[in-house]
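> So that you have it, the file is upload_36.txt, and it contains compact mmCIF, C-alpha atoms and all ligand atoms:
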```txt
# COMPACT_ATOMS: atom_id res chain seq x y z
CA MET A 1 99.83 116.39 -7.41
CA LYS A 2 98.84 118.79 -4.59
CA ILE A 3 95.40 118.41 -3.06
CA LEU A 4 93.64 120.67 -0.59
CA ILE A 5 91.28 118.82 1.74
CA ILE A 6 88.50 120.77 3.42
CA ASN A 7 86.34 119.67 6.32
CA ALA A 8 83.80 122.43 6.97
CA GLY A 9 81.47 122.67 9.94
CA SER A 10 78.99 125.42 10.72
CA SER A 11 81.61 127.62 12.42
CA SER A 12 84.89 125.91 11.57
CA LEU A 13 86.88 124.89 8.53
CA LYS A 14 89.70 122.40 8.87
CA TYR A 15 92.13 122.18 5.98
CA GLN A 16 95.05 120.00 4.93
CA LEU A 17 97.35 120.41 1.97
CA LEU A 18 98.81 117.09 0.81
CA ASP A 19 101.39 116.20 -1.79
CA MET A 20 99.81 113.12 -3.34
CA ASP A 21 102.89 112.17 -5.34
CA ASN A 22 104.24 110.80 -2.06
CA GLU A 23 101.16 111.01 0.20
CA LYS A 24 102.89 113.54 2.46
CA LEU A 25 101.17 116.23 4.50
CA ILE A 26 102.48 119.70 3.57
CA ALA A 27 100.46 121.91 5.90
CA LYS A 28 97.27 121.91 7.90
CA GLY A 29 95.16 124.08 10.13
CA ASN A 30 91.76 125.17 11.26
CA CYS A 31 89.67 128.30 10.77
CA GLU A 32 87.87 128.46 14.08
CA LYS A 33 84.89 130.49 15.28
CA ILE A 34 83.91 131.58 11.78
CA GLY A 35 81.32 134.38 12.06
CA LEU A 36 81.68 134.49 15.85
CA SER A 37 83.68 136.80 18.09
CA ASP A 38 87.49 136.43 18.04
CA PRO A 39 87.77 134.10 15.04
CA PHE A 40 91.26 132.82 14.24
CA ILE A 41 93.10 130.56 11.81
CA SER A 42 95.80 128.12 12.85
CA TYR A 43 98.48 127.06 10.36
CA LYS A 44 100.92 124.21 10.97
CA HIS A 45 103.82 123.40 8.70
CA ASP A 46 107.39 122.15 9.10
CA GLY A 47 106.80 121.48 12.80
CA LYS A 48 105.79 125.12 13.44
CA GLU A 49 102.40 126.59 14.29
CA GLU A 50 101.25 130.10 13.48
CA VAL A 51 97.98 131.87 14.22
CA PHE A 52 96.29 134.40 11.94
CA ALA A 53 93.22 136.62 12.14
CA GLY A 54 90.05 134.67 11.42
CA ALA A 55 87.15 135.08 9.03
CA LYS A 56 83.58 136.32 9.23
CA ASN A 57 82.19 133.80 6.76
CA HIS A 58 83.22 130.66 4.87
CA GLU A 59 84.15 132.51 1.68
CA GLU A 60 86.50 134.77 3.58
CA ALA A 61 87.92 131.73 5.39
CA ILE A 62 88.78 130.05 2.06
CA LYS A 63 90.39 133.24 0.76
CA LYS A 64 92.44 133.63 3.94
CA VAL A 65 93.61 130.01 3.90
CA LEU A 66 94.78 130.47 0.30
CA ASP A 67 96.55 133.72 1.20
CA ILE A 68 98.29 131.94 4.07
CA LEU A 69 99.33 129.06 1.80
CA VAL A 70 100.87 131.39 -0.82
CA ASP A 71 102.29 133.95 1.59
CA LYS A 72 105.86 134.88 0.62
CA LYS A 73 107.18 134.34 4.15
CA GLY A 74 105.60 131.17 5.53
CA GLY A 75 103.51 129.90 2.62
CA MET A 76 104.09 126.41 1.25
CA LEU A 77 102.91 127.26 -2.28
CA LYS A 78 104.19 129.70 -4.90
CA ASN A 79 100.67 130.37 -6.19
CA PHE A 80 97.15 128.89 -6.28
CA ASP A 81 97.82 127.16 -9.57
CA GLU A 82 99.90 124.62 -7.70
CA ILE A 83 96.69 123.21 -6.19
CA ASP A 84 95.46 120.46 -8.52
CA ALA A 85 92.18 119.69 -6.80
CA ILE A 86 90.08 120.25 -3.70
CA GLY A 87 88.38 117.46 -1.73
CA HIS A 88 85.44 118.29 0.55
CA ARG A 89 84.20 116.09 3.36
CA VAL A 90 80.41 115.80 3.24
CA VAL A 91 78.59 114.42 6.26
CA MET A 92 75.34 113.39 4.55
CA GLY A 93 75.14 111.93 1.06
CA GLY A 94 71.88 110.15 1.88
CA TRP A 95 70.61 107.53 -0.53
CA ILE A 96 71.89 109.58 -3.47
CA PHE A 97 75.69 109.47 -3.33
CA LYS A 98 77.20 106.00 -3.31
CA GLU A 99 80.78 107.10 -3.89
CA SER A 100 83.03 110.15 -3.98
CA THR A 101 81.84 112.46 -6.74
CA LEU A 102 83.17 115.28 -8.92
CA ILE A 103 81.37 118.46 -7.89
CA ASP A 104 79.24 120.48 -10.30
CA ASP A 105 76.22 122.73 -9.74
CA LYS A 106 73.83 119.78 -9.74
CA VAL A 107 75.87 117.92 -7.12
CA ILE A 108 75.96 121.03 -4.91
CA ASP A 109 72.16 121.37 -5.21
CA GLU A 110 71.68 117.71 -4.25
CA ILE A 111 73.95 118.10 -1.20
CA ASP A 112 71.93 121.19 -0.28
CA ARG A 113 68.70 119.20 -0.66
CA LEU A 114 70.01 116.69 1.90
CA SER A 115 70.48 119.44 4.51
CA GLU A 116 67.36 118.38 6.39
CA MET A 117 69.23 115.21 7.43
CA ALA A 118 72.39 117.08 8.51
CA PRO A 119 71.33 120.64 9.28
CA LEU A 120 74.57 121.61 11.01
CA HIS A 121 76.88 120.24 8.33
CA ASN A 122 75.53 120.07 4.77
CA PRO A 123 74.70 123.83 4.57
CA ALA A 124 78.32 124.57 5.61
CA HIS A 125 79.68 122.15 3.00
CA VAL A 126 77.59 123.84 0.32
CA LEU A 127 78.74 127.30 1.38
CA CYS A 128 82.32 126.12 1.16
CA MET A 129 81.96 124.48 -2.26
CA ARG A 130 80.37 127.62 -3.68
CA ALA A 131 83.08 129.77 -2.07
CA CYS A 132 85.85 127.60 -3.61
CA LYS A 133 84.15 127.78 -6.98
CA LYS A 134 84.09 131.55 -6.76
CA VAL A 135 87.65 131.94 -5.57
CA MET A 136 89.24 129.14 -7.67
CA PRO A 137 86.77 128.53 -10.54
CA LYS A 138 89.11 126.32 -12.56
CA ILE A 139 90.23 123.93 -9.86
CA PRO A 140 88.20 120.68 -9.79
CA GLN A 141 86.40 119.84 -6.58
CA VAL A 142 85.40 116.42 -5.28
CA ALA A 143 82.86 115.53 -2.57
CA ILE A 144 83.71 112.63 -0.27
CA PHE A 145 80.71 111.40 1.71
CA ASP A 146 80.76 109.98 5.26
CA THR A 147 77.73 107.92 4.33
CA ALA A 148 78.91 106.52 0.97
CA PHE A 149 80.73 103.49 2.39
CA HIS A 150 77.53 102.36 4.10
CA THR A 151 75.33 102.47 1.00
CA THR A 152 76.18 98.78 0.49
CA MET A 153 74.12 97.82 3.55
CA PRO A 154 71.24 95.49 2.68
CA GLU A 155 67.66 96.66 3.27
CA LYS A 156 67.27 94.44 6.34
CA ALA A 157 70.16 96.34 7.98
CA PHE A 158 69.32 99.91 7.00
CA MET A 159 65.51 99.84 7.32
CA TYR A 160 63.70 100.80 10.50
CA ALA A 161 60.51 98.81 10.96
CA ILE A 162 58.32 101.87 10.49
CA LYS A 163 55.48 102.10 7.96
CA TYR A 164 56.98 101.35 4.58
CA GLU A 165 55.22 104.31 2.93
CA ASP A 166 56.92 106.68 5.38
CA TYR A 167 60.31 105.16 4.65
CA GLU A 168 59.66 105.64 0.94
CA LYS A 169 58.28 109.15 1.24
CA TYR A 170 60.70 110.63 3.78
CA HIS A 171 63.77 108.39 3.29
CA ILE A 172 63.83 107.63 7.01
CA ARG A 173 66.47 104.88 7.37
CA ARG A 174 69.94 104.17 8.72
CA TYR A 175 72.71 106.01 6.84
CA GLY A 176 75.63 105.63 9.24
CA ALA A 177 78.71 107.85 9.43
CA HIS A 178 82.53 107.78 9.67
CA GLY A 179 82.46 105.86 6.38
CA THR A 180 85.75 107.35 5.21
CA SER A 181 87.46 106.17 8.40
CA HIS A 182 85.96 102.65 8.29
CA ARG A 183 86.97 102.37 4.62
CA TYR A 184 90.51 103.59 5.32
CA VAL A 185 91.10 101.15 8.17
CA VAL A 186 89.68 98.14 6.32
CA GLN A 187 91.87 98.93 3.31
CA THR A 188 94.86 99.21 5.64
CA LEU A 189 93.84 95.96 7.36
CA ALA A 190 93.72 94.21 3.99
CA LYS A 191 97.30 95.33 3.30
CA VAL A 192 98.41 94.11 6.73
CA LEU A 193 96.72 90.74 6.19
CA GLY A 194 98.16 90.56 2.67
CA LYS A 195 94.69 90.05 1.22
CA ASP A 196 92.46 91.62 -1.37
CA VAL A 197 90.13 93.99 0.52
CA ASN A 198 87.17 92.28 -1.19
CA LYS A 199 87.97 89.16 0.82
CA VAL A 200 88.16 90.79 4.26
CA ASN A 201 85.47 90.20 6.92
CA ALA A 202 86.00 92.47 9.91
CA ILE A 203 84.44 94.62 12.58
CA THR A 204 85.82 98.15 12.64
CA CYS A 205 85.38 100.22 15.79
CA HIS A 206 85.85 103.97 15.31
CA ILE A 207 85.74 105.20 18.91
CA GLY A 208 86.34 108.87 19.54
CA ASN A 209 84.16 111.72 20.64
CA GLY A 210 81.66 110.35 18.15
CA SER A 211 81.79 106.59 17.68
CA SER A 212 80.51 103.97 15.30
CA ILE A 213 81.00 100.25 14.85
CA THR A 214 80.76 98.67 11.38
CA ALA A 215 80.34 95.09 10.19
CA ILE A 216 82.35 94.59 7.00
CA LYS A 217 81.78 91.60 4.75
CA ASN A 218 83.97 91.09 1.70
CA GLY A 219 85.29 94.63 2.12
CA GLN A 220 81.82 96.20 2.16
CA SER A 221 79.79 97.70 4.98
CA VAL A 222 76.83 95.43 5.75
CA ASP A 223 75.75 97.11 8.99
CA THR A 224 76.76 100.05 11.13
CA SER A 225 75.76 101.39 14.53
CA MET A 226 74.92 105.01 13.66
CA GLY A 227 71.50 105.59 12.20
CA LEU A 228 69.52 108.26 10.43
CA THR A 229 71.78 110.61 12.38
CA PRO A 230 74.96 110.14 14.45
CA LEU A 231 72.86 110.06 17.64
CA GLN A 232 72.19 106.33 17.33
CA GLY A 233 74.55 103.54 18.34
CA VAL A 234 77.09 103.26 21.13
CA VAL A 235 77.52 105.64 24.08
CA MET A 236 79.63 108.63 22.98
CA GLY A 237 81.27 111.76 24.45
CA THR A 238 78.06 113.77 24.68
CA ARG A 239 75.56 111.56 22.80
CA SER A 240 73.36 109.00 24.51
CA GLY A 241 73.52 106.46 21.69
CA ASP A 242 70.63 103.96 21.44
CA ILE A 243 67.62 104.94 23.48
CA ASP A 244 63.93 104.04 23.67
CA PRO A 245 62.14 106.89 21.80
CA THR A 246 59.66 107.08 24.67
CA VAL A 247 62.46 108.64 26.74
CA VAL A 248 62.07 111.71 24.51
CA GLN A 249 58.40 112.01 25.42
CA PHE A 250 59.18 111.57 29.15
CA LEU A 251 61.84 114.27 29.06
CA CYS A 252 59.57 116.62 27.10
CA SER A 253 56.80 116.34 29.63
CA HIS A 254 58.87 116.21 32.84
CA LYS A 255 61.34 118.92 31.88
CA ASN A 256 58.83 120.97 29.91
CA LYS A 257 60.99 120.89 26.79
CA THR A 258 60.25 120.72 23.09
CA VAL A 259 61.30 117.71 21.00
CA ASP A 260 64.06 119.82 19.42
CA GLU A 261 65.36 120.78 22.85
CA VAL A 262 65.41 117.16 24.01
CA LEU A 263 67.25 116.11 20.85
CA THR A 264 69.85 118.78 21.54
CA TYR A 265 70.09 117.45 25.11
CA LEU A 266 70.58 113.87 23.85
CA ASN A 267 73.23 115.04 21.39
CA LYS A 268 75.15 117.49 23.56
CA GLU A 269 74.55 116.78 27.26
CA CYS A 270 74.44 113.00 27.58
CA GLY A 271 76.92 110.16 26.98
CA LEU A 272 80.12 110.26 29.07
CA LEU A 273 79.40 113.85 30.04
CA GLY A 274 75.83 113.27 31.17
CA VAL A 275 76.47 110.10 33.15
CA SER A 276 79.77 111.15 34.75
CA GLY A 277 78.79 114.78 35.31
CA VAL A 278 82.50 115.47 34.78
CA SER A 279 83.52 115.55 31.13
CA SER A 280 82.81 114.31 27.62
CA ASP A 281 86.53 113.61 27.29
CA HIS A 282 87.54 109.99 27.85
CA ARG A 283 90.88 110.92 29.40
CA GLU A 284 89.29 113.29 31.92
CA THR A 285 86.56 110.79 32.79
CA SER A 286 89.18 108.04 33.24
CA LYS A 287 91.21 110.25 35.60
CA GLU A 288 88.11 110.92 37.69
CA ALA A 289 87.25 107.21 37.75
CA GLU A 290 90.77 106.40 38.96
CA ASN A 291 90.27 108.92 41.75
CA GLY A 292 87.23 107.00 42.93
CA ASN A 293 84.43 108.91 41.17
CA LYS A 294 81.72 106.23 40.81
CA ARG A 295 79.69 108.05 38.18
CA ALA A 296 82.80 108.50 36.04
CA LYS A 297 83.45 104.75 36.30
CA LEU A 298 79.83 104.02 35.45
CA ALA A 299 80.05 106.23 32.34
CA LEU A 300 83.12 104.30 31.14
CA ASP A 301 81.37 101.01 31.88
CA LEU A 302 78.35 102.07 29.81
CA LEU A 303 80.56 103.04 26.87
CA ALA A 304 82.57 99.81 26.91
CA TYR A 305 79.46 97.66 27.37
CA SER A 306 77.66 99.31 24.45
CA VAL A 307 80.64 98.69 22.13
CA LYS A 308 80.92 95.07 23.35
CA LYS A 309 77.26 94.47 22.49
CA TYR A 310 77.70 95.77 18.95
CA ILE A 311 80.78 93.60 18.46
CA GLY A 312 78.78 90.58 19.64
CA ALA A 313 75.91 91.45 17.32
CA TYR A 314 78.22 91.91 14.34
CA MET A 315 80.05 88.64 15.07
CA ALA A 316 76.61 87.07 14.56
CA VAL A 317 75.89 89.17 11.44
CA LEU A 318 79.21 88.13 9.87
CA ASN A 319 79.11 84.56 11.16
CA GLY A 320 82.48 85.35 12.73
CA ALA A 321 84.98 88.01 11.73
CA GLU A 322 88.64 87.42 11.05
CA ALA A 323 89.63 90.72 12.65
CA ILE A 324 88.45 93.51 14.91
CA VAL A 325 90.04 96.93 14.40
CA PHE A 326 90.16 99.81 16.87
CA THR A 327 90.61 103.35 15.63
CA GLY A 328 89.68 106.95 16.59
CA GLY A 329 90.95 108.98 19.58
CA ILE A 330 89.83 106.46 22.20
CA GLY A 331 90.19 103.33 20.06
CA GLU A 332 93.79 104.22 19.19
CA ASN A 333 94.90 105.58 22.55
CA SER A 334 93.06 104.02 25.45
CA PHE A 335 94.36 100.54 26.24
CA GLU A 336 91.96 100.48 29.20
CA ALA A 337 88.94 100.98 26.93
CA ARG A 338 90.10 98.26 24.51
CA GLU A 339 90.75 95.83 27.36
CA GLN A 340 87.40 96.53 28.98
CA ILE A 341 85.47 96.19 25.71
CA LEU A 342 87.02 92.84 24.81
CA GLU A 343 87.21 91.21 28.23
CA ASP A 344 85.35 87.89 28.62
CA MET A 345 84.83 87.28 24.92
CA GLU A 346 86.83 84.04 24.65
CA ALA A 347 83.63 82.18 23.75
CA LEU A 348 83.55 84.25 20.55
CA GLY A 349 87.19 83.51 19.82
CA ILE A 350 88.41 86.94 20.96
CA VAL A 351 91.37 87.04 23.36
CA ILE A 352 93.44 90.16 23.89
CA ASP A 353 97.14 90.10 24.84
CA LYS A 354 97.09 92.55 27.75
CA ASP A 355 100.81 93.35 27.52
CA LYS A 356 100.77 93.98 23.79
CA ASN A 357 97.59 96.00 24.17
CA LYS A 358 99.23 98.24 26.76
CA ASN A 359 102.78 98.49 25.56
CA PHE A 360 103.22 99.66 22.03
CA LYS A 361 104.22 102.90 20.45
CA ARG A 362 101.21 105.08 19.77
CA GLY A 363 100.44 106.05 16.22
CA GLN A 364 101.43 102.77 14.64
CA ILE A 365 99.57 99.69 13.42
CA GLU A 366 99.66 97.00 16.11
CA LEU A 367 98.35 93.46 16.53
CA ILE A 368 97.07 93.23 20.12
CA SER A 369 95.34 89.84 20.20
CA ALA A 370 96.83 86.79 21.93
CA GLU A 371 98.31 84.00 19.85
CA ASN A 372 95.40 81.69 20.73
CA SER A 373 92.83 84.30 19.65
CA LYS A 374 90.80 83.09 16.68
CA VAL A 375 89.95 86.66 15.83
CA LYS A 376 92.89 89.00 15.25
CA VAL A 377 92.60 92.35 17.00
CA TYR A 378 94.41 95.39 15.59
CA VAL A 379 94.86 99.03 16.41
CA ILE A 380 95.04 101.00 13.16
CA PRO A 381 95.36 104.80 13.29
CA THR A 382 92.80 106.33 10.99
CA ASP A 383 93.61 108.96 8.35
CA GLU A 384 90.41 110.27 6.88
CA GLU A 385 92.12 113.15 5.09
CA LEU A 386 94.52 110.81 3.30
CA MET A 387 91.60 108.63 2.22
CA MET A 388 89.81 111.75 0.94
CA ALA A 389 92.91 112.89 -0.92
CA ARG A 390 93.31 109.44 -2.51
CA ASP A 391 89.71 109.58 -3.75
CA THR A 392 90.16 113.12 -5.03
CA LYS A 393 93.35 112.16 -6.87
CA GLU A 394 91.65 109.13 -8.44
CA ILE A 395 88.72 111.19 -9.67
CA VAL A 396 90.64 114.16 -11.06
CA LYS A 397 93.64 112.35 -12.51
CA ASN A 398 91.95 111.82 -15.86
CA LEU A 399 90.46 115.30 -16.12
CA LYS A 400 92.06 117.64 -18.60
CA LYS A 401 93.83 120.39 -16.77
CA SER A 402 91.97 123.59 -17.63
CA LYS A 403 93.84 125.90 -15.29
P1 LIG A 501 88.45 111.90 18.42
O1 LIG A 501 87.02 112.39 18.38
O2 LIG A 501 88.69 110.73 17.53
O3 LIG A 501 89.46 113.00 18.25
O4 LIG A 501 88.68 111.35 19.90
C1 LIG A 501 88.56 112.16 21.04
C2 LIG A 501 88.56 111.26 22.28
O5 LIG A 501 89.77 110.52 22.32
C3 LIG A 501 88.46 112.03 23.60
O6 LIG A 501 87.50 111.42 24.44
C4 LIG A 501 89.84 111.87 24.18
O7 LIG A 501 89.84 111.86 25.57
C5 LIG A 501 90.25 110.53 23.64
N1 LIG A 501 91.70 110.40 23.69
C6 LIG A 501 92.61 111.05 22.94
N2 LIG A 501 93.88 110.73 23.33
C7 LIG A 501 93.74 109.83 24.33
C8 LIG A 501 94.63 109.11 25.16
N3 LIG A 501 95.96 109.25 25.02
N4 LIG A 501 94.11 108.26 26.08
C9 LIG A 501 92.79 108.11 26.22
N5 LIG A 501 91.88 108.78 25.48
C10 LIG A 501 92.35 109.62 24.55
```
Let me see the file written as structure tokens.


Amino acid sequence: MKILIINAGSSSLKYQLLDMDNEKLIAKGNCEKIGLSDPFISYKHDGKEEVFAGAKNHEEAIKKVLDILVDKKGGMLKNFDEIDAIGHRVVMGGWIFKESTLIDDKVIDEIDRLSEMAPLHNPAHVLCMRACKKVMPKIPQVAIFDTAFHTTMPEKAFMYAIKYEDYEKYHIRRYGAHGTSHRYVVQTLAKVLGKDVNKVNAITCHIGNGSSITAIKNGQSVDTSMGLTPLQGVVMGTRSGDIDPTVVQFLCSHKNKTVDEVLTYLNKECGLLGVSGVSSDHRETSKEAENGNKRAKLALDLLAYSVKKYIGAYMAVLNGAEAIVFTGGIGENSFEAREQILEDMEALGIVIDKDKNKNFKRGQIELISAENSKVKVYVIPTDEELMMARDTKEIVKNLKKSK
């Protein structure tokens, strides 16, 4: 079964073609700068990378990706009919979508209706779903929601203590994000522990450019650090994370900015970038810190400290976790970040083995806690696309092929 996975943003469209008979990646790429000047499409397969002319809108991008995939020279498919299903990543499923869902017109309208909560993403997802429907009307499509995994949170975790009527009327609450990644790593953790996922209690730390920490009880998300939007939570590449809302008012009045402008500032100019003044990239900031840049060091300290606090809070929420998992670009690759986050947590039963943490082959699952650590600490590379493809396969496998 061949599945095309699509992850559409406002001006980009990442794609992966997977063979789900053996869970192998066939090809992948990105349509970048859609609708902007100099758009292009990258295409990687068999260890090679090619670049093609880009697209002026999402529909054209889909058509071009399909042309590339069936091209006689470098294409990996004979024709479109080889694609059995398409899986779309959807950033915001709100309170409506609790699991991955087969797409029809009603589902697309609902995703569109949720655009207010994810104005940069949901409109692009909708455009892409409609474009796929037009170009490949008979191929089933599935929506996989970043928020779905967190819909198991209890009210006390997802509610903000605002007026109840406003919560009811406007659906203002915590939704979280990165759900597909947290779900993938906890399922992988369960396999590693040799347990049923429904019996796993863990804290999963997805730390990349955007980051979120999740408390998982009996395989289900019971709390997560991101909120109504991905601005809340730990310190990130360009996002401030948790902040007193009064800061917004201060910045508006002192910098003569609108609320929208300050929210853009908190999303795009803060975090590692804002504090260090150097870069949103963890590697770059680390290099600067090593060279003696104090603000770069401070930015890294803030990030690590904010993650440590969430881990502490979730240890309390879970009454102790059996494992902590690191994933995401920083979580998987920066031994310094992991060490800094988990230092001085022996009182909570968390002890890292510094050698193991530093010296293992990247890209593999690794146990990095010391033998005397009550809580096991793992690095587990995430694979959101594989998780999406598994969901898509599960949902479409019983559909009658109408191609
Ligand atoms: P992501 O958003 O998950 O792709 O993660 C991006 C972040 O991971 C950036 O801040 C990168 O600097 C960081 N990152 C990626 N590779 C490494 C590495 N080898 N060492 C440290 N940080 C890394």

> Residues up to 12 Å from ligand LIG 501 (chain A), counting only C-alpha atoms and all ligand atoms: could you list those as a ChimeraX atom specification?

/A:178,181,205-212,235-238,271-273,279-287,300,303,326-338,358,361-363,381-384

> Grab the CA of Gly47 in chain A to CA of Val90 in chain A distance for me, in Å with one decimal place.

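So the two atoms, CA of Gly47 in chain A and CA of Val90 in chain A, lie 28.6 Å apart.
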
> Which polymer residues have any atom within 12 Å of an atom of range 52-69 of chain A, counting only C-alpha atoms, with same-chain residues fewer than 6 positions away left out, as JSON, numbers by chain?

{"A": [4, 5, 6, 7, 8, 9, 10, 11, 12, 13, 14, 15, 16, 17, 26, 27, 28, 29, 30, 31, 32, 33, 34, 35, 36, 37, 38, 39, 40, 41, 42, 43, 44, 45, 75, 76, 77, 78, 79, 80, 81, 82, 83, 86, 123, 124, 125, 126, 127, 128, 129, 130, 131, 132, 133, 134, 135, 136]}

> Around (93.1, 109.1, -9.6) in the file's frame, which residues reach within 12 Å when counting all atoms listed in the file? Return as a list in words?

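Residues close enough to count: Met1, Ile3, Met20, Asp21, Asp84, Ala85, Ser100, Leu102, Val142, Met387, Met388, Ala389, Arg390, Asp391, Thr392, Lys393, Glu394, Ile395, Val396, Lys397, Asn398 and Leu399 of chain A.
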
> Rounded to one decimal place, report the CA of Met153 in chain A-CA of Leu231 in chain A distance in Å.

18.7 Å

> To one decimal place in Å, what is the distance between CA of Leu266 in chain A and CA of Lys294 in chain A?

21.7 Å

> Report the centre and edge lengths, in Å to one decimal, of an axis-aligned box enclosing every atom of range 354-367 of chain A listed in the file, padded by 4 Å on each side, as lines of an AutoDock Vina configuration file.


```
center_x = 100.7
center_y = 99.3
center_z = 20.6
size_x = 15.1
size_y = 21.5
size_z = 22.3
```
